[in-house]
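Enquirer: So here's entry.cif, just mmCIF, N, CA and C atoms:
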data_upload
loop_
_atom_site.label_atom_id
_atom_site.label_comp_id
_atom_site.auth_asym_id
_atom_site.auth_seq_id
_atom_site.Cartn_x
_atom_site.Cartn_y
_atom_site.Cartn_z
N MET Y 16 0.85 -1.18 0.00
CA MET Y 16 0.00 0.00 0.00
C MET Y 16 0.89 1.23 0.00
N PRO Y 17 0.52 2.25 -0.77
CA PRO Y 17 1.35 3.46 -0.84
C PRO Y 17 1.33 4.23 0.48
N ASN Y 18 2.37 5.03 0.67
CA ASN Y 18 2.44 5.89 1.84
C ASN Y 18 1.57 7.11 1.59
N LEU Y 19 0.50 7.25 2.34
CA LEU Y 19 -0.45 8.33 2.13
C LEU Y 19 -0.32 9.42 3.18
N LYS Y 20 0.84 9.55 3.80
CA LYS Y 20 1.01 10.55 4.86
C LYS Y 20 1.00 11.95 4.28
N SER Y 21 0.49 12.88 5.07
CA SER Y 21 0.41 14.28 4.68
C SER Y 21 1.04 15.12 5.78
N LYS Y 22 1.62 16.25 5.41
CA LYS Y 22 2.27 17.14 6.38
C LYS Y 22 1.34 18.29 6.74
N THR Y 23 0.23 18.00 7.39
CA THR Y 23 -0.73 19.04 7.74
C THR Y 23 -0.74 19.25 9.24
N LEU Y 24 -1.11 20.44 9.64
CA LEU Y 24 -1.15 20.76 11.06
C LEU Y 24 -2.51 20.46 11.67
N GLU Y 25 -3.55 20.96 11.06
CA GLU Y 25 -4.89 20.75 11.58
C GLU Y 25 -5.47 19.46 11.01
N PRO Y 26 -5.93 18.55 11.85
CA PRO Y 26 -6.45 17.27 11.34
C PRO Y 26 -7.77 17.44 10.58
N ILE Y 27 -7.93 16.57 9.62
CA ILE Y 27 -9.17 16.52 8.84
C ILE Y 27 -10.14 15.60 9.55
N GLU Y 28 -11.40 15.99 9.54
CA GLU Y 28 -12.46 15.14 10.08
C GLU Y 28 -13.49 14.93 8.99
N LEU Y 29 -14.10 13.75 8.98
CA LEU Y 29 -15.21 13.47 8.09
C LEU Y 29 -16.49 13.57 8.90
N GLU Y 30 -17.43 14.34 8.40
CA GLU Y 30 -18.74 14.53 9.06
C GLU Y 30 -19.82 14.01 8.12
N ALA Y 31 -20.59 13.05 8.57
CA ALA Y 31 -21.65 12.47 7.73
C ALA Y 31 -22.61 13.56 7.26
N ILE Y 32 -22.94 13.52 5.99
CA ILE Y 32 -23.89 14.47 5.42
C ILE Y 32 -25.30 13.94 5.62
N GLY Y 33 -26.14 14.79 6.17
CA GLY Y 33 -27.54 14.44 6.38
C GLY Y 33 -28.45 15.29 5.50
N LYS Y 34 -29.71 15.32 5.85
CA LYS Y 34 -30.70 16.02 5.04
C LYS Y 34 -31.15 17.34 5.67
N SER Y 35 -30.40 17.82 6.65
CA SER Y 35 -30.79 19.06 7.33
C SER Y 35 -30.65 20.26 6.40
N SER Y 36 -31.36 21.32 6.73
CA SER Y 36 -31.27 22.57 5.96
C SER Y 36 -29.84 23.10 5.98
N HIS Y 37 -29.21 23.02 7.14
CA HIS Y 37 -27.83 23.50 7.26
C HIS Y 37 -26.91 22.74 6.31
N HIS Y 38 -27.00 21.42 6.29
CA HIS Y 38 -26.16 20.63 5.41
C HIS Y 38 -26.43 20.95 3.94
N LYS Y 39 -27.70 21.12 3.59
CA LYS Y 39 -28.04 21.46 2.21
C LYS Y 39 -27.43 22.81 1.81
N GLU Y 40 -27.48 23.77 2.72
CA GLU Y 40 -26.92 25.10 2.43
C GLU Y 40 -25.40 25.04 2.27
N VAL Y 41 -24.73 24.32 3.17
CA VAL Y 41 -23.27 24.20 3.07
C VAL Y 41 -22.89 23.48 1.78
N LEU Y 42 -23.58 22.39 1.46
CA LEU Y 42 -23.30 21.66 0.22
C LEU Y 42 -23.51 22.53 -1.01
N PHE Y 43 -24.57 23.32 -1.00
CA PHE Y 43 -24.86 24.18 -2.16
C PHE Y 43 -23.77 25.23 -2.32
N GLY Y 44 -23.29 25.76 -1.23
CA GLY Y 44 -22.18 26.71 -1.29
C GLY Y 44 -20.92 26.08 -1.87
N LEU Y 45 -20.60 24.87 -1.41
CA LEU Y 45 -19.43 24.16 -1.95
C LEU Y 45 -19.63 23.87 -3.43
N TYR Y 46 -20.83 23.43 -3.79
CA TYR Y 46 -21.14 23.12 -5.19
C TYR Y 46 -20.93 24.35 -6.08
N ASN Y 47 -21.40 25.49 -5.63
CA ASN Y 47 -21.29 26.71 -6.43
C ASN Y 47 -19.87 27.24 -6.54
N ARG Y 48 -18.98 26.80 -5.67
CA ARG Y 48 -17.59 27.25 -5.73
C ARG Y 48 -16.69 26.29 -6.51
N ARG Y 49 -17.26 25.22 -7.05
CA ARG Y 49 -16.45 24.27 -7.81
C ARG Y 49 -15.90 24.91 -9.07
N SER Y 50 -14.65 24.60 -9.35
CA SER Y 50 -14.06 25.05 -10.60
C SER Y 50 -14.30 23.98 -11.66
N LYS Y 51 -14.17 24.36 -12.92
CA LYS Y 51 -14.48 23.41 -13.99
C LYS Y 51 -13.55 22.20 -13.99
N ASP Y 52 -12.37 22.32 -13.41
CA ASP Y 52 -11.46 21.17 -13.40
C ASP Y 52 -11.83 20.12 -12.36
N SER Y 53 -12.83 20.40 -11.52
CA SER Y 53 -13.26 19.42 -10.53
C SER Y 53 -14.61 18.80 -10.86
N VAL Y 54 -15.19 19.15 -11.99
CA VAL Y 54 -16.53 18.68 -12.35
C VAL Y 54 -16.42 17.52 -13.34
N ILE Y 55 -17.10 16.39 -13.02
CA ILE Y 55 -17.13 15.29 -13.97
C ILE Y 55 -18.55 14.83 -14.31
N SER Y 56 -19.54 15.21 -13.50
CA SER Y 56 -20.88 14.69 -13.78
C SER Y 56 -21.96 15.75 -13.89
N SER Y 57 -21.74 16.93 -13.41
CA SER Y 57 -22.76 17.97 -13.45
C SER Y 57 -22.34 19.04 -14.46
N PHE Y 58 -22.87 18.95 -15.66
CA PHE Y 58 -22.42 19.83 -16.74
C PHE Y 58 -23.18 21.15 -16.79
N ARG Y 59 -24.23 21.27 -16.02
CA ARG Y 59 -24.97 22.52 -16.00
C ARG Y 59 -25.19 22.91 -14.55
N GLN Y 60 -25.39 24.19 -14.35
CA GLN Y 60 -25.64 24.70 -13.01
C GLN Y 60 -27.05 24.28 -12.57
N ILE Y 61 -27.16 23.70 -11.39
CA ILE Y 61 -28.49 23.35 -10.87
C ILE Y 61 -28.94 24.41 -9.88
N ASP Y 62 -30.25 24.53 -9.71
CA ASP Y 62 -30.76 25.50 -8.75
C ASP Y 62 -30.90 24.83 -7.37
N TYR Y 63 -31.25 25.64 -6.39
CA TYR Y 63 -31.30 25.14 -5.01
C TYR Y 63 -32.35 24.05 -4.83
N LYS Y 64 -33.47 24.16 -5.50
CA LYS Y 64 -34.53 23.14 -5.39
C LYS Y 64 -34.02 21.79 -5.93
N GLU Y 65 -33.37 21.81 -7.08
CA GLU Y 65 -32.80 20.57 -7.64
C GLU Y 65 -31.73 20.00 -6.71
N HIS Y 66 -30.93 20.89 -6.15
CA HIS Y 66 -29.88 20.48 -5.22
C HIS Y 66 -30.49 19.77 -4.00
N CYS Y 67 -31.52 20.36 -3.42
CA CYS Y 67 -32.17 19.76 -2.24
C CYS Y 67 -32.74 18.39 -2.57
N PHE Y 68 -33.35 18.26 -3.76
CA PHE Y 68 -33.88 16.97 -4.18
C PHE Y 68 -32.75 15.93 -4.25
N PHE Y 69 -31.61 16.35 -4.82
CA PHE Y 69 -30.48 15.43 -4.91
C PHE Y 69 -30.00 15.00 -3.53
N VAL Y 70 -29.86 15.95 -2.60
CA VAL Y 70 -29.39 15.63 -1.25
C VAL Y 70 -30.35 14.66 -0.58
N GLU Y 71 -31.65 14.87 -0.74
CA GLU Y 71 -32.66 14.00 -0.13
C GLU Y 71 -32.61 12.57 -0.70
N ASN Y 72 -32.18 12.45 -1.95
CA ASN Y 72 -32.25 11.16 -2.64
C ASN Y 72 -30.89 10.69 -3.17
N HIS Y 73 -29.82 11.13 -2.56
CA HIS Y 73 -28.49 10.85 -3.10
C HIS Y 73 -28.24 9.35 -3.27
N PRO Y 74 -27.42 9.00 -4.27
CA PRO Y 74 -27.17 7.60 -4.58
C PRO Y 74 -25.95 7.01 -3.87
N TYR Y 75 -25.36 7.72 -2.93
CA TYR Y 75 -24.08 7.31 -2.37
C TYR Y 75 -24.22 6.29 -1.24
N ARG Y 76 -23.26 5.40 -1.17
CA ARG Y 76 -23.15 4.46 -0.06
C ARG Y 76 -22.81 5.22 1.23
N GLU Y 77 -21.87 6.14 1.15
CA GLU Y 77 -21.46 7.00 2.25
C GLU Y 77 -21.17 8.38 1.66
N TRP Y 78 -21.46 9.44 2.43
CA TRP Y 78 -21.23 10.80 1.94
C TRP Y 78 -20.86 11.67 3.13
N PHE Y 79 -19.75 12.37 3.02
CA PHE Y 79 -19.22 13.14 4.14
C PHE Y 79 -18.78 14.54 3.71
N PHE Y 80 -18.88 15.46 4.65
CA PHE Y 80 -18.16 16.72 4.53
C PHE Y 80 -16.72 16.44 4.94
N VAL Y 81 -15.80 17.13 4.33
CA VAL Y 81 -14.42 17.16 4.79
C VAL Y 81 -14.29 18.46 5.56
N ARG Y 82 -13.90 18.34 6.83
CA ARG Y 82 -13.89 19.50 7.71
C ARG Y 82 -12.54 19.62 8.41
N VAL Y 83 -12.09 20.85 8.55
CA VAL Y 83 -10.92 21.18 9.37
C VAL Y 83 -11.43 22.15 10.43
N GLN Y 84 -11.43 21.70 11.67
CA GLN Y 84 -12.04 22.41 12.78
C GLN Y 84 -13.50 22.70 12.40
N GLU Y 85 -13.91 23.95 12.31
CA GLU Y 85 -15.30 24.28 11.97
C GLU Y 85 -15.48 24.64 10.50
N GLU Y 86 -14.42 24.55 9.71
CA GLU Y 86 -14.49 24.95 8.31
C GLU Y 86 -14.70 23.74 7.40
N TYR Y 87 -15.73 23.82 6.56
CA TYR Y 87 -15.98 22.78 5.57
C TYR Y 87 -15.12 23.08 4.35
N ILE Y 88 -14.24 22.14 3.99
CA ILE Y 88 -13.32 22.37 2.88
C ILE Y 88 -13.61 21.49 1.68
N GLY Y 89 -14.61 20.61 1.78
CA GLY Y 89 -14.94 19.76 0.65
C GLY Y 89 -15.89 18.64 1.04
N THR Y 90 -16.00 17.68 0.14
CA THR Y 90 -16.84 16.50 0.37
C THR Y 90 -16.13 15.26 -0.16
N VAL Y 91 -16.56 14.12 0.35
CA VAL Y 91 -16.07 12.83 -0.15
C VAL Y 91 -17.24 11.86 -0.11
N TYR Y 92 -17.34 11.02 -1.16
CA TYR Y 92 -18.38 9.99 -1.16
C TYR Y 92 -17.82 8.66 -1.62
N LEU Y 93 -18.50 7.61 -1.19
CA LEU Y 93 -18.24 6.26 -1.67
C LEU Y 93 -19.53 5.79 -2.32
N SER Y 94 -19.42 5.25 -3.52
CA SER Y 94 -20.59 4.75 -4.23
C SER Y 94 -20.65 3.23 -4.16
N ASN Y 95 -21.79 2.69 -4.52
CA ASN Y 95 -21.97 1.24 -4.52
C ASN Y 95 -21.18 0.54 -5.62
N ASP Y 96 -20.61 1.31 -6.55
CA ASP Y 96 -19.75 0.71 -7.57
C ASP Y 96 -18.27 0.79 -7.16
N ASN Y 97 -18.02 1.10 -5.89
CA ASN Y 97 -16.69 1.23 -5.30
C ASN Y 97 -15.92 2.44 -5.80
N SER Y 98 -16.61 3.40 -6.40
CA SER Y 98 -15.91 4.62 -6.77
C SER Y 98 -15.89 5.57 -5.57
N VAL Y 99 -14.82 6.33 -5.49
CA VAL Y 99 -14.64 7.33 -4.46
C VAL Y 99 -14.59 8.68 -5.16
N GLY Y 100 -15.38 9.61 -4.68
CA GLY Y 100 -15.37 10.96 -5.24
C GLY Y 100 -14.92 11.94 -4.18
N VAL Y 101 -14.01 12.81 -4.56
CA VAL Y 101 -13.51 13.82 -3.62
C VAL Y 101 -13.59 15.18 -4.30
N PHE Y 102 -14.20 16.12 -3.61
CA PHE Y 102 -14.17 17.51 -4.03
C PHE Y 102 -13.53 18.31 -2.91
N LEU Y 103 -12.57 19.12 -3.26
CA LEU Y 103 -11.92 20.00 -2.28
C LEU Y 103 -11.89 21.42 -2.81
N GLU Y 104 -12.01 22.37 -1.88
CA GLU Y 104 -11.81 23.76 -2.25
C GLU Y 104 -10.42 23.86 -2.88
N LYS Y 105 -10.27 24.75 -3.85
CA LYS Y 105 -9.05 24.86 -4.63
C LYS Y 105 -7.79 24.95 -3.76
N ASN Y 106 -7.83 25.70 -2.69
CA ASN Y 106 -6.65 25.88 -1.85
C ASN Y 106 -6.40 24.69 -0.92
N GLN Y 107 -7.21 23.64 -1.01
CA GLN Y 107 -7.08 22.46 -0.15
C GLN Y 107 -6.69 21.20 -0.91
N ASN Y 108 -6.47 21.30 -2.22
CA ASN Y 108 -6.18 20.12 -3.03
C ASN Y 108 -5.00 19.30 -2.53
N ASN Y 109 -4.06 19.95 -1.86
CA ASN Y 109 -2.89 19.24 -1.34
C ASN Y 109 -3.24 18.26 -0.22
N ARG Y 110 -4.49 18.27 0.23
CA ARG Y 110 -4.90 17.37 1.33
C ARG Y 110 -5.54 16.08 0.83
N LEU Y 111 -5.52 15.87 -0.49
CA LEU Y 111 -6.13 14.66 -1.06
C LEU Y 111 -5.55 13.39 -0.46
N ALA Y 112 -4.23 13.28 -0.35
CA ALA Y 112 -3.62 12.07 0.19
C ALA Y 112 -4.11 11.78 1.60
N GLU Y 113 -4.22 12.81 2.42
CA GLU Y 113 -4.69 12.64 3.78
C GLU Y 113 -6.13 12.12 3.82
N ILE Y 114 -6.97 12.66 2.95
CA ILE Y 114 -8.37 12.23 2.89
C ILE Y 114 -8.46 10.78 2.44
N LEU Y 115 -7.70 10.43 1.41
CA LEU Y 115 -7.71 9.04 0.93
C LEU Y 115 -7.21 8.09 2.01
N ASN Y 116 -6.24 8.51 2.79
CA ASN Y 116 -5.75 7.69 3.89
C ASN Y 116 -6.87 7.42 4.89
N ILE Y 117 -7.65 8.43 5.22
CA ILE Y 117 -8.77 8.27 6.16
C ILE Y 117 -9.80 7.30 5.57
N VAL Y 118 -10.17 7.53 4.32
CA VAL Y 118 -11.18 6.68 3.67
C VAL Y 118 -10.72 5.23 3.60
N LEU Y 119 -9.49 5.00 3.15
CA LEU Y 119 -8.99 3.64 3.00
C LEU Y 119 -8.79 2.93 4.33
N SER Y 120 -8.60 3.68 5.40
CA SER Y 120 -8.45 3.05 6.71
C SER Y 120 -9.79 2.76 7.37
N LYS Y 121 -10.84 3.49 7.00
CA LYS Y 121 -12.14 3.32 7.65
C LYS Y 121 -13.11 2.43 6.87
N PHE Y 122 -12.91 2.32 5.56
CA PHE Y 122 -13.88 1.61 4.73
C PHE Y 122 -13.20 0.57 3.86
N LYS Y 123 -13.93 -0.47 3.58
CA LYS Y 123 -13.48 -1.53 2.68
C LYS Y 123 -14.35 -1.49 1.43
N PRO Y 124 -13.76 -1.79 0.28
CA PRO Y 124 -14.59 -1.85 -0.92
C PRO Y 124 -15.59 -3.00 -0.83
N LEU Y 125 -16.70 -2.82 -1.53
CA LEU Y 125 -17.68 -3.90 -1.61
C LEU Y 125 -17.09 -5.02 -2.46
N PRO Y 126 -17.56 -6.25 -2.28
CA PRO Y 126 -17.01 -7.35 -3.06
C PRO Y 126 -17.20 -7.14 -4.57
N SER Y 127 -16.28 -7.67 -5.32
CA SER Y 127 -16.33 -7.58 -6.77
C SER Y 127 -17.56 -8.29 -7.32
N ILE Y 128 -18.15 -7.68 -8.34
CA ILE Y 128 -19.20 -8.31 -9.13
C ILE Y 128 -18.74 -8.18 -10.58
N PRO Y 129 -18.39 -9.28 -11.23
CA PRO Y 129 -17.87 -9.19 -12.60
C PRO Y 129 -18.78 -8.36 -13.51
N SER Y 130 -18.17 -7.49 -14.27
CA SER Y 130 -18.83 -6.59 -15.21
C SER Y 130 -19.74 -5.55 -14.55
N VAL Y 131 -19.72 -5.46 -13.21
CA VAL Y 131 -20.53 -4.48 -12.50
C VAL Y 131 -19.64 -3.56 -11.67
N ARG Y 132 -18.78 -4.13 -10.84
CA ARG Y 132 -17.89 -3.30 -10.02
C ARG Y 132 -16.62 -4.08 -9.70
N PRO Y 133 -15.51 -3.34 -9.62
CA PRO Y 133 -14.25 -3.98 -9.23
C PRO Y 133 -14.25 -4.26 -7.73
N GLY Y 134 -13.34 -5.08 -7.30
CA GLY Y 134 -13.20 -5.39 -5.87
C GLY Y 134 -12.31 -4.41 -5.14
N SER Y 135 -11.94 -3.33 -5.79
CA SER Y 135 -11.10 -2.29 -5.20
C SER Y 135 -11.80 -0.94 -5.37
N PHE Y 136 -11.41 0.03 -4.57
CA PHE Y 136 -11.90 1.38 -4.78
C PHE Y 136 -11.26 1.95 -6.04
N VAL Y 137 -12.00 2.78 -6.74
CA VAL Y 137 -11.51 3.50 -7.91
C VAL Y 137 -11.91 4.96 -7.76
N MET Y 138 -11.19 5.82 -8.47
CA MET Y 138 -11.50 7.25 -8.40
C MET Y 138 -11.50 7.83 -9.79
N ASN Y 139 -12.61 8.45 -10.17
CA ASN Y 139 -12.71 9.16 -11.44
C ASN Y 139 -12.42 10.63 -11.20
N ILE Y 140 -11.61 11.21 -12.06
CA ILE Y 140 -11.33 12.64 -11.95
C ILE Y 140 -11.50 13.29 -13.32
N SER Y 141 -11.74 14.58 -13.31
CA SER Y 141 -11.84 15.34 -14.54
C SER Y 141 -10.48 15.29 -15.25
N PRO Y 142 -10.47 15.22 -16.59
CA PRO Y 142 -9.19 15.25 -17.30
C PRO Y 142 -8.45 16.58 -17.10
N GLU Y 143 -9.15 17.58 -16.62
CA GLU Y 143 -8.52 18.89 -16.37
C GLU Y 143 -7.99 19.02 -14.95
N ASN Y 144 -8.22 18.03 -14.10
CA ASN Y 144 -7.78 18.11 -12.71
C ASN Y 144 -6.35 17.57 -12.59
N GLU Y 145 -5.42 18.36 -13.06
CA GLU Y 145 -4.02 17.94 -13.08
C GLU Y 145 -3.45 17.75 -11.68
N LYS Y 146 -3.88 18.55 -10.72
CA LYS Y 146 -3.37 18.44 -9.34
C LYS Y 146 -3.70 17.07 -8.76
N PHE Y 147 -4.96 16.64 -8.87
CA PHE Y 147 -5.33 15.31 -8.35
C PHE Y 147 -4.58 14.22 -9.12
N GLU Y 148 -4.44 14.37 -10.42
CA GLU Y 148 -3.75 13.36 -11.22
C GLU Y 148 -2.31 13.19 -10.74
N ILE Y 149 -1.63 14.28 -10.49
CA ILE Y 149 -0.25 14.21 -10.01
C ILE Y 149 -0.19 13.54 -8.64
N ILE Y 150 -1.10 13.90 -7.75
CA ILE Y 150 -1.11 13.31 -6.41
C ILE Y 150 -1.38 11.81 -6.50
N LEU Y 151 -2.37 11.40 -7.28
CA LEU Y 151 -2.69 9.97 -7.41
C LEU Y 151 -1.52 9.21 -8.02
N ARG Y 152 -0.86 9.78 -9.00
CA ARG Y 152 0.32 9.15 -9.60
C ARG Y 152 1.44 9.04 -8.57
N ASP Y 153 1.67 10.11 -7.80
CA ASP Y 153 2.71 10.10 -6.77
C ASP Y 153 2.44 9.06 -5.68
N LEU Y 154 1.17 8.72 -5.48
CA LEU Y 154 0.79 7.68 -4.52
C LEU Y 154 0.88 6.28 -5.12
N TYR Y 155 1.30 6.20 -6.37
CA TYR Y 155 1.44 4.93 -7.09
C TYR Y 155 0.13 4.21 -7.33
N PHE Y 156 -0.96 4.97 -7.44
CA PHE Y 156 -2.23 4.38 -7.83
C PHE Y 156 -2.20 4.26 -9.35
N PRO Y 157 -2.40 3.06 -9.90
CA PRO Y 157 -2.29 2.90 -11.35
C PRO Y 157 -3.50 3.46 -12.10
N LEU Y 158 -3.22 4.04 -13.25
CA LEU Y 158 -4.27 4.46 -14.17
C LEU Y 158 -4.82 3.19 -14.83
N ILE Y 159 -6.14 2.98 -14.77
CA ILE Y 159 -6.72 1.74 -15.30
C ILE Y 159 -7.62 1.94 -16.49
N GLN Y 160 -8.11 3.16 -16.72
CA GLN Y 160 -8.98 3.38 -17.86
C GLN Y 160 -9.11 4.86 -18.16
N LYS Y 161 -9.57 5.17 -19.36
CA LYS Y 161 -9.98 6.51 -19.73
C LYS Y 161 -11.43 6.40 -20.17
N THR Y 162 -12.25 7.32 -19.78
CA THR Y 162 -13.67 7.24 -20.04
C THR Y 162 -14.10 8.38 -20.97
N TYR Y 163 -14.91 8.06 -21.95
CA TYR Y 163 -15.40 9.05 -22.91
C TYR Y 163 -16.91 9.15 -22.82
N LEU Y 164 -17.40 10.35 -22.88
CA LEU Y 164 -18.84 10.60 -22.86
C LEU Y 164 -19.35 10.60 -24.30
N MET Y 165 -20.38 9.84 -24.58
CA MET Y 165 -20.93 9.77 -25.94
C MET Y 165 -22.31 10.36 -25.98
#
How does this structure look as structure tokens?

Expert:
Amino acid sequence: MPNLKSKTLEPIELEAIGKSSHHKEVLFGLYNRRSKDSVISSFRQIDYKEHCFFVENHPYREWFFVRVQEEYIGTVYLSNDNSVGVFLEKNQNNRLAEILNIVLSKFKPLPSIPSVRPGSFVMNISPENEKFEIILRDLYFPLIQKTYLM
């Protein structure tokens, strides 16, 4: 397993995302601050009503805020297909390794189902997210596929 240590002072905490108004508001703020290099599935801006519907009915196995003390700096989710999604505020991208270390130490991938999901966690990133790509490569996570939208 790669060394996922990070040189940070303030520890990261994962806070489960619920359906409260406060959580919806914080998530919407984070969503609206995303840069185009961190977007892979939402190609258009959604409004608050659509956002609330998504939060109420999210498809994730686990979904967390990434928090440093009282500041929300991003989100992380695990899906039933063993994919891991991480969004971080632009100035926090260097904390990806630390977040992955927390996730990999707390959760196990679901068992493999041939042609449905791998038996390992995988992470999809935008082709424009060079910072995450460099970090994942530096952690010796192998590139396994390129995906095209048709």

Enquirer: What is the atom CA of Y:Pro142-atom CA of Y:Leu45 distance in Å, reported with one decimal?

Expert: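 Separation between atom CA of Y:Pro142 and atom CA of Y:Leu45: 20.5 Å.
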
Enquirer: Decode the PyMOL selection byres ((chain Y and resi 98) around 7) for the given file into explicit residues and return them as a PyMOL selection string.

Expert: chain Y and resi 92-97+99-100+135-139

Enquirer: Please return as a list in words: the residues of stretch 92-157 of chain Y that backbone DSSP assigns to strand (DSSP E or B).

Expert: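 Checking each residue of stretch 92-157 of chain Y, the strand (DSSP E or B) ones are Tyr92, Leu93, Ser98, Val99, Gly100, Val101, Phe102, Leu103, Ile128, Arg132 and Val137 of chain Y.
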
Enquirer: What separation in Å, quoted to one decimal, exists between atom CA of Y:Phe122 and atom CA of Y:Ile27?

Expert: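 Between these atoms lies a distance of 16.2 Å.
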
Enquirer: Can you list, as a PyMOL selection string, the residues that the PyMOL selection byres ((chain Y and resi 30) around 7) selects here?

Expert: chain Y and resi 28-29+31-33+78-82

Enquirer: Could you tell me how far atom N of Y:Ala112 sits from atom C of Y:Leu151, in Å to one decimal place?

Expert: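 The value is 9.1 Å.
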
Enquirer: Quick one: which residues end up in the PyMOL selection byres ((chain Y and resi 65-73) around 6.5) for this structure, as JSON, numbers by chain?

Expert: {"Y": [33, 34, 39, 61, 62, 63, 64, 74, 75]}

Enquirer: Check the DSSP output for the backbone and give back, as a ChimeraX atom specification, the residues of chain Y in helix (DSSP H, G or I).

Expert: /Y:36-47,51-53,63-71,105-121,145-153

Enquirer: Can you work out which one of Y:Glu77, Y:Tyr46, Y:Lys146, Y:Gln60 has the shortest atom-to-atom distance to Y:Asn108, counting only N, CA and C atoms?

Expert: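 The answer is Y:Lys146, which sits nearest to Y:Asn108.
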
Enquirer: Got a sec: who's within 8 Å of Y:Phe147, counting all atoms listed in the file, leaving out chain neighbours fewer than 4 positions off, as a PDB file with N, CA and C atoms, keeping the file's coordinate frame?

Expert:
ATOM      1  N   ASN Y 108      -6.470  21.300  -2.220  1.00  0.00           N
ATOM      2  CA  ASN Y 108      -6.180  20.120  -3.030  1.00  0.00           C
ATOM      3  C   ASN Y 108      -5.000  19.300  -2.530  1.00  0.00           C
ATOM      4  N   ASN Y 109      -4.060  19.950  -1.860  1.00  0.00           N
ATOM      5  CA  ASN Y 109      -2.890  19.240  -1.340  1.00  0.00           C
ATOM      6  C   ASN Y 109      -3.240  18.260  -0.220  1.00  0.00           C
ATOM      7  N   LEU Y 111      -5.520  15.870  -0.490  1.00  0.00           N
ATOM      8  CA  LEU Y 111      -6.130  14.660  -1.060  1.00  0.00           C
ATOM      9  C   LEU Y 111      -5.550  13.390  -0.460  1.00  0.00           C
ATOM     10  N   ILE Y 140     -11.610  11.210 -12.060  1.00  0.00           N
ATOM     11  CA  ILE Y 140     -11.330  12.640 -11.950  1.00  0.00           C
ATOM     12  C   ILE Y 140     -11.500  13.290 -13.320  1.00  0.00           C
ATOM     13  N   GLU Y 143      -9.150  17.580 -16.620  1.00  0.00           N
ATOM     14  CA  GLU Y 143      -8.520  18.890 -16.370  1.00  0.00           C
ATOM     15  C   GLU Y 143      -7.990  19.020 -14.950  1.00  0.00           C
ATOM     16  N   LEU Y 151      -2.370  11.400  -7.280  1.00  0.00           N
ATOM     17  CA  LEU Y 151      -2.690   9.970  -7.410  1.00  0.00           C
ATOM     18  C   LEU Y 151      -1.520   9.210  -8.020  1.00  0.00           C
ATOM     19  N   ARG Y 152      -0.860   9.780  -9.000  1.00  0.00           N
ATOM     20  CA  ARG Y 152       0.320   9.150  -9.600  1.00  0.00           C
ATOM     21  C   ARG Y 152       1.440   9.040  -8.570  1.00  0.00           C
ATOM     22  N   ASP Y 153       1.670  10.110  -7.800  1.00  0.00           N
ATOM     23  CA  ASP Y 153       2.710  10.100  -6.770  1.00  0.00           C
ATOM     24  C   ASP Y 153       2.440   9.060  -5.680  1.00  0.00           C
TER      25      ASP Y 153
END

Enquirer: Using only C-alpha atoms, can you tell me which of Y:Arg110, Y:Glu25, Y:Val118, Y:Tyr87 comes closest to Y:Glu40?

Expert: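 Result for the nearest residue to Y:Glu40: Y:Tyr87.
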
Enquirer: In file coordinates, which residues lie within 7 Å of (-13.9, 23.2, -2.5) using all atoms listed in the file, given as a PyMOL selection string?

Expert: chain Y and resi 45+48-49+87-90+102-107
